[in-house]
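Just below is one structure, and these are the notes that go with it.
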Amino acid sequence: MQQEELFKELVSHCKEYGFIYPSSEIYDGLGGIYDYGPMGAELKSNIREYWWKAMVQLHENIVGIDSAIFMHPKIWKASGHVDAFNDPLIDNKDSKKRYRADQLIEGEIDRLEAKIEKEVEKARKRFENFDEALFRSTNPRVLEWAKRAEDISKRLANAMKANDMAAVKALIDELEIADPESGSRNWTEVRQFNLMFSTQLSNIAGEEGKLYLRPETAQGIFVNFLNVLKTSRQKVPFGIAQVGKAFRNEIVARQFIFRMREFEQMEMQFFVRPGTEMEWYEYWKARRMAWHQAVTPAAKLRFKDHDNLAHYANAAVDVQYEFPFGFKELEGIHSRTDFDLGSHQALSGRKLQYFDPETNEHYVPYVVETSVGLDRMFLAILSTGYTEETVPDAQGEDSSRVVLRIPPALAPVKCAVLPLVRNKEELVGKAREIFDRLKFHFMCQYDEKDAIGRRYRRQDAVGTPYCITIDFQTLQDDTVTIRERDSMQQERIPVARVVDIVREKTDMVRLLERL
Ligand code: GAP
């Protein structure tokens with residue numbers, strides 16, 4: 001199945017099985033906003049827990065906080081968001097549609113890269129003992145497209161860095177980019193659009209009372225640097241972590257939960273002695289990649305250095321994941337220098353410094369940041385896990401299934417308890433008894449409706465790693481069958497061992513031990 005089709009199936013699967021709903025659906029939805037359903041809320045909470053434990057619990061020198069969404073408006077002035085948190089916007093005069101100018105240009109780069117991949121695939125089928133590296137470095141067409149893509153990418157990066165919107169527009173004209181929906185090339189000029197949402201305090205009128213919904217959680221960490229330093233007995237190097245909502249008035253919110261206007265970030269700011277930031281930057285690159293690889297195949301992940309550094313960074317890299325619509329940013333790792341603490345120190349007039357007992361000096365620490373989108377991580381986990389497959393030796397509606405092969409520790413439901421039939425009181429009673437015991441240990445579901453095959457399919461579709469079936473033999477010898485989601489293999493085990501077996505296979509400890 002084509003990736004595009006697969007993605008559509010995944011989106012409708014998310015709705016059908018209670019992972020994600022469009023927000024405000026009974027009022028026809030609200031663009032770029034989504035709600036998480038019962039399964040989605042569980043999966044999201046498990047990913048959040050995996051991140052929190054990996055960062056805070058496993059590191060003695062990282063502590064967590066939970067700062068407010070609303071903060072003093074000067075924070076956003078100091079951080080640069082009021083002046084520089086912009087995206088280049090362009091309108092099509094005929095279709096009246098609004099686009100991000102840089103994304104239109106990036107679309108051209110993607111198109112060239114897709115052409116290269118197609119050419120490589122064609123050659124792979126044509127030649128035996130195909131040498132991909134040699135082909136990529138010698139085929140004239142591939143080389144020409146790669147050079148064009150690189151030239152466009154460099155020109156875009158330079159124009160954005162220089163804040164030169166006329167140069168961005170010139171690139172759109174030169175590449176003859178048309179409105180993807182209407183085909184029209186009748187464009188306005190490109191102008192910068194600030195992405196922060198604002199609201200108003202009730203007791204202060206005018207600009208003074210203007211508040212912003214935070215566009216990143218990081219600033220809540222920076223402005224609490226001194227508080228945490230004084231109250232947590234940490235010494236540089238140390239980190240502060242937090243998970244929370246962020247809001248961005250994205251010009252084009254698209255690709256489902258990939259780019260939303262309200263989303264959740266899991267961010268950690270690591271405060272280090274100036275001059276050591278590159279060592280820590282490399283350290284956190286490796287640590288974060290290990291975290292991803294424990295739940296995602298390595299082939300679907302890659303690093304991509306930033307062509308265009310943000311105003312606060314002296315080094316930056318993305319961890320990209322191969323979404324069904326291509327390799328895209330999943331996490332950003334940034335060496336933010338002393339930009340944020342320095343700016344807050346200057347604007348607030350408070351000293352945001354650290355006295356280093358080893359060097360006997362005061363300094364504003366440098367910061368290495370790791371920032372991953374919880375929603376993007378959710379989409380990555382589902383995209384890797386979503387599988388449509390035929391079932392060998394099965395008949396009728398049982399001959400195919402959709403299975404979410406997600407890591408058991410992240411699965412919304414760890415174990416389903418199923419009496420073989422529901423019209424036998426003893427079976428139902430025994431199943432209920434087992435369910436009532438298991439529910440203290442992990443998220444379980446009890447299900448007695450429909451034939452057993454259908455119930456297995458329902459659990460496969462939400463990624464439940466284990467199904468426990470209570471049958472007539474259970475009543476005789478106190479054993480049950482345990483069915484594993486991916487292999488569909490069944491085994492008989494004593495009822496007394498169910499908790500230990502399911503826990504052993506689904507415990508997050510197993511994931512954390514791999515880091
Ligand atoms: N504090 C740094 C920062 O906010 P960012 O690269 O703008 O950096 C970090 O955002 C992460 O937040 C991204 O890698 C992405 O996973 C997530 N993210 C950013 N914008 C998003 C959006 N509109 N919708 C969903 N996730 C988003």
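Here's how to read the names in the structure tokens: chain A, B, ... by the order shown, residue numbers from 1 in each chain, ligand numbers from 1 in the order shown.
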Might you pull out every residue within 12 Å of Gly40 in chain A, with only C-alpha atoms counted and same-chain residues fewer than 6 positions away left off, and present them as a PDB file with N, CA and C atoms, in the first residue's frame?
ATOM      1  N   HIS A  13      -8.249   5.036  11.468  1.00  0.00           N
ATOM      2  CA  HIS A  13      -8.126   4.037  12.540  1.00  0.00           C
ATOM      3  C   HIS A  13      -8.079   4.744  13.905  1.00  0.00           C
ATOM      4  N   CYS A  14      -7.348   5.849  13.944  1.00  0.00           N
ATOM      5  CA  CYS A  14      -7.205   6.607  15.209  1.00  0.00           C
ATOM      6  C   CYS A  14      -8.571   7.050  15.718  1.00  0.00           C
ATOM      7  N   LYS A  15      -9.434   7.443  14.784  1.00  0.00           N
ATOM      8  CA  LYS A  15     -10.756   7.909  15.201  1.00  0.00           C
ATOM      9  C   LYS A  15     -11.630   6.710  15.602  1.00  0.00           C
ATOM     10  N   GLU A  16     -11.609   5.681  14.754  1.00  0.00           N
ATOM     11  CA  GLU A  16     -12.493   4.539  14.980  1.00  0.00           C
ATOM     12  C   GLU A  16     -12.217   3.843  16.312  1.00  0.00           C
ATOM     13  N   TYR A  17     -10.948   3.802  16.705  1.00  0.00           N
ATOM     14  CA  TYR A  17     -10.612   3.067  17.925  1.00  0.00           C
ATOM     15  C   TYR A  17     -10.335   3.975  19.125  1.00  0.00           C
ATOM     16  N   GLY A  18     -10.729   5.239  19.027  1.00  0.00           N
ATOM     17  CA  GLY A  18     -10.665   6.107  20.207  1.00  0.00           C
ATOM     18  C   GLY A  18      -9.274   6.594  20.566  1.00  0.00           C
ATOM     19  N   PHE A  19      -8.410   6.766  19.554  1.00  0.00           N
ATOM     20  CA  PHE A  19      -7.096   7.357  19.842  1.00  0.00           C
ATOM     21  C   PHE A  19      -7.176   8.876  19.705  1.00  0.00           C
ATOM     22  N   ILE A  20      -7.667   9.355  18.559  1.00  0.00           N
ATOM     23  CA  ILE A  20      -7.688  10.805  18.315  1.00  0.00           C
ATOM     24  C   ILE A  20      -8.974  11.189  17.581  1.00  0.00           C
ATOM     25  N   TYR A  21      -9.595  12.252  18.082  1.00  0.00           N
ATOM     26  CA  TYR A  21     -10.781  12.809  17.413  1.00  0.00           C
ATOM     27  C   TYR A  21     -10.467  14.241  16.970  1.00  0.00           C
ATOM     28  N   TYR A  34      -6.733  18.891  17.963  1.00  0.00           N
ATOM     29  CA  TYR A  34      -7.267  17.532  18.082  1.00  0.00           C
ATOM     30  C   TYR A  34      -7.475  17.156  19.540  1.00  0.00           C
ATOM     31  N   ASN A  46       1.593   7.098  28.572  1.00  0.00           N
ATOM     32  CA  ASN A  46       2.712   6.154  28.666  1.00  0.00           C
ATOM     33  C   ASN A  46       3.985   6.716  28.029  1.00  0.00           C
ATOM     34  N   ILE A  47       3.810   7.431  26.898  1.00  0.00           N
ATOM     35  CA  ILE A  47       4.992   8.027  26.245  1.00  0.00           C
ATOM     36  C   ILE A  47       5.569   9.112  27.163  1.00  0.00           C
ATOM     37  N   ILE A 257      -1.734  15.205  13.453  1.00  0.00           N
ATOM     38  CA  ILE A 257      -1.199  15.801  14.680  1.00  0.00           C
ATOM     39  C   ILE A 257       0.267  16.198  14.542  1.00  0.00           C
ATOM     40  N   LEU A 374       5.419  15.684  22.132  1.00  0.00           N
ATOM     41  CA  LEU A 374       4.740  14.462  22.589  1.00  0.00           C
ATOM     42  C   LEU A 374       3.794  13.942  21.511  1.00  0.00           C
ATOM     43  N   ASP A 375       3.116  14.869  20.850  1.00  0.00           N
ATOM     44  CA  ASP A 375       2.153  14.444  19.821  1.00  0.00           C
ATOM     45  C   ASP A 375       2.877  13.827  18.614  1.00  0.00           C
ATOM     46  N   PHE A 378       3.896  10.426  19.512  1.00  0.00           N
ATOM     47  CA  PHE A 378       2.685   9.597  19.446  1.00  0.00           C
ATOM     48  C   PHE A 378       2.464   9.143  17.997  1.00  0.00           C
ATOM     49  N   LEU A 379       2.569  10.106  17.074  1.00  0.00           N
ATOM     50  CA  LEU A 379       2.345   9.784  15.661  1.00  0.00           C
ATOM     51  C   LEU A 379       3.434   8.835  15.149  1.00  0.00           C
ATOM     52  N   ILE A 381       5.143   6.621  16.920  1.00  0.00           N
ATOM     53  CA  ILE A 381       4.921   5.274  17.487  1.00  0.00           C
ATOM     54  C   ILE A 381       3.791   4.569  16.732  1.00  0.00           C
ATOM     55  N   LEU A 382       2.724   5.306  16.463  1.00  0.00           N
ATOM     56  CA  LEU A 382       1.599   4.689  15.741  1.00  0.00           C
ATOM     57  C   LEU A 382       1.985   4.364  14.294  1.00  0.00           C
ATOM     58  N   LEU A 410       4.383   0.715  26.127  1.00  0.00           N
ATOM     59  CA  LEU A 410       3.643   1.937  25.780  1.00  0.00           C
ATOM     60  C   LEU A 410       2.174   1.655  25.454  1.00  0.00           C
ATOM     61  N   ALA A 411       1.819   0.392  25.296  1.00  0.00           N
ATOM     62  CA  ALA A 411       0.457   0.042  24.863  1.00  0.00           C
ATOM     63  C   ALA A 411      -0.591   0.585  25.841  1.00  0.00           C
ATOM     64  N   PRO A 412      -1.713   1.119  25.315  1.00  0.00           N
ATOM     65  CA  PRO A 412      -2.751   1.669  26.190  1.00  0.00           C
ATOM     66  C   PRO A 412      -3.302   0.633  27.154  1.00  0.00           C
ATOM     67  N   VAL A 413      -3.543  -0.576  26.644  1.00  0.00           N
ATOM     68  CA  VAL A 413      -4.069  -1.664  27.479  1.00  0.00           C
ATOM     69  C   VAL A 413      -3.016  -2.774  27.445  1.00  0.00           C
ATOM     70  N   VAL A 462      -5.922  -2.104  18.894  1.00  0.00           N
ATOM     71  CA  VAL A 462      -5.496  -1.048  19.820  1.00  0.00           C
ATOM     72  C   VAL A 462      -4.136  -1.383  20.430  1.00  0.00           C
ATOM     73  N   GLY A 463      -3.520  -2.472  19.949  1.00  0.00           N
ATOM     74  CA  GLY A 463      -2.138  -2.774  20.348  1.00  0.00           C
ATOM     75  C   GLY A 463      -1.989  -3.490  21.670  1.00  0.00           C
TER      76      GLY A 463
END
**10 Å contact set for Lys115 in chain A, only C-alpha atoms, chain neighbours under 6 positions out, as a list in words** =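 The neighbour list is Ile109, Glu121, Arg141, Val142, Trp145 and Ala146 of chain A.
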Please identify all protein, DNA and RNA residues within 7 Å of ligand 1, counting only C-alpha atoms and all ligand atoms, and report them as a tab-separated table (two decimals) with all heavy atoms, in the first residue's frame.
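Result written to selection_24.tsv:
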chain	number	residue	atom	x	y	z
A	216	GLU	N	6.51	27.76	23.82
A	216	GLU	CA	7.41	26.66	24.18
A	216	GLU	C	7.42	26.59	25.71
A	216	GLU	O	7.16	27.59	26.39
A	216	GLU	CB	8.84	26.90	23.66
A	216	GLU	CG	9.50	28.15	24.22
A	216	GLU	CD	10.99	28.29	23.86
A	216	GLU	OE1	11.48	27.56	22.99
A	216	GLU	OE2	11.65	29.15	24.47
A	217	THR	N	7.71	25.40	26.24
A	217	THR	CA	7.72	25.27	27.70
A	217	THR	C	9.06	25.73	28.28
A	217	THR	O	9.18	25.97	29.47
A	217	THR	CB	7.45	23.81	28.13
A	217	THR	OG1	8.48	22.98	27.59
A	217	THR	CG2	6.10	23.32	27.67
A	218	ALA	N	10.06	25.85	27.40
A	218	ALA	CA	11.44	26.13	27.86
A	218	ALA	C	11.54	27.38	28.73
A	218	ALA	O	12.28	27.38	29.72
A	218	ALA	CB	12.35	26.28	26.65
A	248	ARG	N	0.94	27.50	19.24
A	248	ARG	CA	1.50	28.27	18.13
A	248	ARG	C	0.43	28.48	17.09
A	248	ARG	O	-0.23	27.51	16.68
A	248	ARG	CB	2.69	27.53	17.50
A	248	ARG	CG	3.84	27.41	18.46
A	248	ARG	CD	5.06	26.77	17.83
A	248	ARG	NE	6.03	26.51	18.89
A	248	ARG	CZ	7.20	25.91	18.73
A	248	ARG	NH1	7.57	25.51	17.53
A	248	ARG	NH2	8.01	25.72	19.75
A	250	GLU	N	0.02	28.38	14.04
A	250	GLU	CA	0.61	27.91	12.79
A	250	GLU	C	-0.20	28.41	11.59
A	250	GLU	O	-1.44	28.33	11.59
A	250	GLU	CB	0.65	26.37	12.77
A	250	GLU	CG	1.47	25.73	13.86
A	250	GLU	CD	2.97	25.83	13.62
A	250	GLU	OE1	3.39	26.31	12.57
A	250	GLU	OE2	3.73	25.42	14.52
A	253	ALA	N	-1.63	24.44	9.58
A	253	ALA	CA	-1.55	23.29	10.48
A	253	ALA	C	-1.95	22.09	9.64
A	253	ALA	O	-3.03	22.10	9.04
A	253	ALA	CB	-2.49	23.47	11.65
A	257	ILE	N	-1.73	15.20	13.45
A	257	ILE	CA	-1.20	15.80	14.68
A	257	ILE	C	0.27	16.20	14.54
A	257	ILE	O	0.91	16.55	15.53
A	257	ILE	CB	-1.38	14.85	15.89
A	257	ILE	CG1	-0.70	13.51	15.61
A	257	ILE	CG2	-2.86	14.66	16.20
A	257	ILE	CD1	-0.60	12.64	16.87
A	258	PHE	N	0.81	16.16	13.33
A	258	PHE	CA	2.22	16.53	13.17
A	258	PHE	C	2.43	18.02	13.46
A	258	PHE	O	3.35	18.41	14.15
A	258	PHE	CB	2.71	16.21	11.75
A	258	PHE	CG	4.14	16.60	11.52
A	258	PHE	CD1	5.17	15.79	11.98
A	258	PHE	CD2	4.46	17.80	10.89
A	258	PHE	CE1	6.50	16.16	11.80
A	258	PHE	CE2	5.79	18.17	10.72
A	258	PHE	CZ	6.80	17.35	11.17
A	259	ARG	N	1.56	18.85	12.90
A	259	ARG	CA	1.68	20.30	13.13
A	259	ARG	C	0.33	20.82	13.62
A	259	ARG	O	-0.62	20.91	12.85
A	259	ARG	CB	2.12	21.01	11.86
A	259	ARG	CG	2.52	22.46	12.10
A	259	ARG	CD	3.04	23.14	10.85
A	259	ARG	NE	4.19	22.43	10.28
A	259	ARG	CZ	5.43	22.46	10.76
A	259	ARG	NH1	5.70	23.17	11.83
A	259	ARG	NH2	6.40	21.79	10.17
A	260	MET	N	0.28	21.13	14.90
A	260	MET	CA	-0.99	21.56	15.50
A	260	MET	C	-0.83	22.97	16.08
A	260	MET	O	0.27	23.47	16.22
A	260	MET	CB	-1.38	20.61	16.62
A	260	MET	CG	-1.65	19.21	16.12
A	260	MET	SD	-2.49	18.23	17.34
A	260	MET	CE	-1.20	17.90	18.48
A	261	ARG	N	-1.95	23.55	16.43
A	261	ARG	CA	-1.88	24.89	17.05
A	261	ARG	C	-1.79	24.78	18.58
A	261	ARG	O	-1.35	25.71	19.23
A	261	ARG	CB	-3.09	25.72	16.62
A	261	ARG	CG	-3.09	25.94	15.11
A	261	ARG	CD	-3.97	27.07	14.62
A	261	ARG	NE	-3.64	27.40	13.24
A	261	ARG	CZ	-4.29	26.96	12.16
A	261	ARG	NH1	-5.34	26.20	12.31
A	261	ARG	NH2	-3.90	27.30	10.97
A	262	GLU	N	-2.24	23.67	19.11
A	262	GLU	CA	-2.07	23.38	20.54
A	262	GLU	C	-1.44	22.00	20.62
A	262	GLU	O	-1.98	21.05	20.04
A	262	GLU	CB	-3.43	23.39	21.24
A	262	GLU	CG	-3.34	22.96	22.68
A	262	GLU	CD	-4.70	22.93	23.39
A	262	GLU	OE1	-5.64	23.60	22.93
A	262	GLU	OE2	-4.80	22.22	24.39
A	263	PHE	N	-0.30	21.90	21.27
A	263	PHE	CA	0.39	20.61	21.33
A	263	PHE	C	1.16	20.50	22.63
A	263	PHE	O	1.11	21.42	23.46
A	263	PHE	CB	1.33	20.44	20.11
A	263	PHE	CG	2.34	21.55	19.96
A	263	PHE	CD1	3.63	21.39	20.41
A	263	PHE	CD2	1.99	22.76	19.38
A	263	PHE	CE1	4.57	22.41	20.29
A	263	PHE	CE2	2.91	23.79	19.26
A	263	PHE	CZ	4.21	23.61	19.72
A	264	GLU	N	1.83	19.39	22.81
A	264	GLU	CA	2.54	19.18	24.08
A	264	GLU	C	4.03	18.94	23.81
A	264	GLU	O	4.37	18.21	22.88
A	264	GLU	CB	1.91	17.97	24.79
A	264	GLU	CG	2.02	18.07	26.28
A	264	GLU	CD	1.10	17.07	27.01
A	264	GLU	OE1	-0.03	16.82	26.51
A	264	GLU	OE2	1.51	16.57	28.06
A	265	GLN	N	4.84	19.58	24.63
A	265	GLN	CA	6.29	19.41	24.47
A	265	GLN	C	6.88	18.72	25.70
A	265	GLN	O	6.36	18.88	26.81
A	265	GLN	CB	6.99	20.77	24.34
A	265	GLN	CG	6.74	21.46	23.02
A	265	GLN	CD	7.53	22.75	22.90
A	265	GLN	OE1	7.58	23.54	23.84
A	265	GLN	NE2	8.15	22.97	21.75
A	267	GLU	N	10.45	18.93	27.34
A	267	GLU	CA	11.69	19.69	27.15
A	267	GLU	C	12.60	19.58	28.37
A	267	GLU	O	12.13	19.50	29.51
A	267	GLU	CB	11.38	21.17	26.92
A	267	GLU	CG	10.59	21.41	25.65
A	267	GLU	CD	10.70	22.82	25.13
A	267	GLU	OE1	10.24	23.75	25.82
A	267	GLU	OE2	11.23	23.01	24.02
A	329	GLU	N	11.08	16.45	11.31
A	329	GLU	CA	11.56	16.69	12.68
A	329	GLU	C	10.64	16.05	13.74
A	329	GLU	O	9.44	16.25	13.75
A	329	GLU	CB	11.62	18.20	12.94
A	329	GLU	CG	11.99	18.53	14.37
A	329	GLU	CD	11.97	20.03	14.67
A	329	GLU	OE1	11.84	20.84	13.72
A	329	GLU	OE2	12.06	20.38	15.85
A	330	LEU	N	11.31	15.32	14.64
A	330	LEU	CA	10.61	14.73	15.76
A	330	LEU	C	11.06	15.43	17.04
A	330	LEU	O	10.26	15.70	17.94
A	330	LEU	CB	10.98	13.24	15.81
A	330	LEU	CG	10.43	12.35	16.89
A	330	LEU	CD1	8.91	12.34	16.86
A	330	LEU	CD2	10.94	10.92	16.67
A	331	GLU	N	12.35	15.72	17.09
A	331	GLU	CA	12.93	16.35	18.29
A	331	GLU	C	14.01	17.33	17.86
A	331	GLU	O	14.69	17.11	16.85
A	331	GLU	CB	13.55	15.25	19.17
A	331	GLU	CG	14.43	15.78	20.29
A	331	GLU	CD	14.57	14.83	21.47
A	331	GLU	OE1	14.03	13.72	21.41
A	331	GLU	OE2	15.21	15.23	22.45
A	332	GLY	N	14.16	18.39	18.63
A	332	GLY	CA	15.25	19.33	18.37
A	332	GLY	C	16.23	19.29	19.54
A	332	GLY	O	15.83	19.25	20.70
A	371	SER	N	14.29	18.89	23.09
A	371	SER	CA	12.87	19.26	23.01
A	371	SER	C	12.14	18.36	22.03
A	371	SER	O	12.38	18.41	20.82
A	371	SER	CB	12.76	20.72	22.55
A	371	SER	OG	11.41	21.05	22.34
A	372	VAL	N	11.28	17.50	22.57
A	372	VAL	CA	10.56	16.56	21.68
A	372	VAL	C	9.06	16.79	21.82
A	372	VAL	O	8.55	17.04	22.92
A	372	VAL	CB	10.97	15.08	21.98
A	372	VAL	CG1	10.75	14.71	23.43
A	372	VAL	CG2	10.24	14.10	21.08
A	373	GLY	N	8.37	16.75	20.69
A	373	GLY	CA	6.92	16.92	20.70
A	373	GLY	C	6.26	15.62	21.11
A	373	GLY	O	6.52	14.56	20.51
A	374	LEU	N	5.42	15.68	22.13
A	374	LEU	CA	4.74	14.46	22.59
A	374	LEU	C	3.79	13.94	21.51
A	374	LEU	O	3.70	12.74	21.26
A	374	LEU	CB	3.99	14.76	23.90
A	374	LEU	CG	3.14	13.66	24.51
A	374	LEU	CD1	3.87	12.33	24.61
A	374	LEU	CD2	2.66	14.06	25.91
A	375	ASP	N	3.12	14.87	20.85
A	375	ASP	CA	2.15	14.44	19.82
A	375	ASP	C	2.88	13.83	18.61
A	375	ASP	O	2.42	12.87	18.02
A	375	ASP	CB	1.31	15.64	19.37
A	375	ASP	CG	0.78	16.41	20.57
A	375	ASP	OD1	1.51	17.31	21.07
A	375	ASP	OD2	-0.31	16.11	21.04
A	376	ARG	N	4.03	14.43	18.27
A	376	ARG	CA	4.79	13.86	17.15
A	376	ARG	C	5.33	12.48	17.50
A	376	ARG	O	5.39	11.59	16.65
A	376	ARG	CB	5.95	14.79	16.78
A	376	ARG	CG	5.46	15.93	15.94
A	376	ARG	CD	6.55	16.69	15.25
A	376	ARG	NE	5.98	17.95	14.80
A	376	ARG	CZ	6.67	18.94	14.28
A	376	ARG	NH1	7.96	18.82	14.11
A	376	ARG	NH2	6.05	20.05	13.89
**Message:** Restricting the calculation to only C-alpha atoms: of A:Asp450, A:Asp151, A:Glu277, A:Glu174, which residue gets closest to Val421 in chain A?
**Reply:**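 When distances to Val421 in chain A are compared using only C-alpha atoms, the smallest one comes from A:Asp450.
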**Asked** Taking only C-alpha atoms into account, which of A:Phe256, A:Tyr27, A:Phe222, A:Phe7 comes nearest Ala78 in chain A?
**Response** A:Phe222
**Request:** Choose the residue, out of A:Lys161, A:Pro324, A:Glu108, A:Ala315, that has the smallest atom-to-atom separation from Glu9 in chain A; count only C-alpha atoms.
**Result:**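 Among the listed residues, the smallest separation from Glu9 in chain A belongs to A:Pro324.
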**Request:** Name the closest residue to Gly385 in chain A among the candidates A:Arg485, A:Arg350, A:Arg191, A:Arg288; distances are taken between atoms, counting only C-alpha atoms.
**Result:**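 Closest candidate: A:Arg485.
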**Message:** What parts of range 275-341 of chain A does DSSP call helix (DSSP H, G or I)? I'd like the answer as a list of chain:residue names.
**Reply:**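 Reading the DSSP output for range 275-341 of chain A, helix (DSSP H, G or I) covers A:Glu277, A:Met278, A:Glu279, A:Trp280, A:Tyr281, A:Glu282, A:Tyr283, A:Trp284, A:Lys285, A:Ala286, A:Arg287, A:Arg288, A:Met289, A:Ala290, A:Trp291, A:His292, A:Gln293, A:Ala298, A:Ala299, A:Lys300, A:Phe339, A:Asp340, A:Leu341.
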**Prompt:** Can you tell me how far CA of Trp280 in chain A sits from CA of Gly326 in chain A, in Å to one decimal?
**Reply:**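 A separation of 29.2 Å between them.
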**Message:** I'd like the contact shell of Phe70 in chain A - 8 Å cut-off, only C-alpha atoms, skipping same-chain residues fewer than 6 positions apart - returned as a VMD selection string.
**Reply:** chain A and resid 211 to 214
How would the residues just chosen look if you wrote them out with N, CA and C atoms as a PDB file, in the first residue's frame?
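Saved as selection_14.pdb:
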ATOM      1  N   LEU A 211      -1.293  39.158  27.469  1.00  0.00           N
ATOM      2  CA  LEU A 211      -0.571  37.944  27.842  1.00  0.00           C
ATOM      3  C   LEU A 211      -0.458  37.036  26.618  1.00  0.00           C
ATOM      4  N   TYR A 212       0.574  36.190  26.635  1.00  0.00           N
ATOM      5  CA  TYR A 212       0.730  35.227  25.544  1.00  0.00           C
ATOM      6  C   TYR A 212       0.554  33.812  26.073  1.00  0.00           C
ATOM      7  N   LEU A 213      -0.027  32.962  25.263  1.00  0.00           N
ATOM      8  CA  LEU A 213      -0.006  31.533  25.589  1.00  0.00           C
ATOM      9  C   LEU A 213       1.374  31.034  25.193  1.00  0.00           C
ATOM     10  N   ARG A 214       2.071  30.350  26.096  1.00  0.00           N
ATOM     11  CA  ARG A 214       3.481  30.044  25.822  1.00  0.00           C
ATOM     12  C   ARG A 214       3.641  29.242  24.517  1.00  0.00           C
TER      13      ARG A 214
END
**Request:** Please provide the set of residues having any atom within 12 Å of Ser487 in chain A, restricted to only C-alpha atoms, with same-chain residues fewer than 3 positions apart removed, written as a VMD selection string.
**Result:** chain A and resid 389 391 to 392 403 405 460 465 to 466 482 to 484 490 to 491
**Request:** Write out as a VMD selection string the residues lying within 8 Å of Arg100 in chain A, counting only C-alpha atoms and excluding same-chain residues fewer than 6 positions away.
**Result:** chain A and resid 87 to 90 251 to 252
**Item:** Distance of CA of Pro419 in chain A from CA of Ile452 in chain A, expressed in Å to one decimal place
**Value:**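 We find that CA of Ile452 in chain A and CA of Pro419 in chain A lie 8.3 Å from each other.
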**Item:** Nearby residues (only C-alpha atoms) at most 9 Å from Ser153 in chain A, same-chain spacing under 2 positions excluded, as number ranges by chain
**Value:** A: 105-106, 109, 148-151, 155-158, 307
Residues just named, written with C-alpha atoms as a compact mmCIF listing (two decimals), in the first residue's frame:
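Final file, selection-v3.txt:
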# COMPACT_ATOMS: atom_id res chain seq x y z
CA ILE A 105 9.86 26.13 -1.34
CA GLU A 106 10.66 23.09 0.82
CA ILE A 109 13.09 20.33 -2.46
CA ARG A 148 19.42 21.78 -7.41
CA ALA A 149 17.88 20.70 -4.13
CA GLU A 150 21.00 21.80 -2.26
CA ASP A 151 21.14 25.18 -4.05
CA ARG A 155 19.25 30.11 -0.83
CA LEU A 156 16.18 29.62 1.35
CA ALA A 157 18.33 29.32 4.50
CA ASN A 158 20.26 32.50 3.61
CA ASP A 307 20.90 24.85 7.92
**Item:** Given only C-alpha atoms as the counted atoms, nearest of A:His72, A:Ala496, A:Gln293, A:Ile240 to Glu208 in chain A
**Value:**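 For Glu208 in chain A, the nearest of the given residues is A:His72.
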**Complete:** From CA of Lys169 in chain A to CA of Arg185 in chain A the spacing works out at 11.5 Å
**Message:** Neighbouring residues of Phe303 in chain A were defined as those with any atom within 10 Å, considering only C-alpha atoms; residues of the same chain fewer than 5 positions away were excluded. Please report them as a PyMOL selection string.
**Reply:** chain A and resi 285+289+317-321+329+331-333
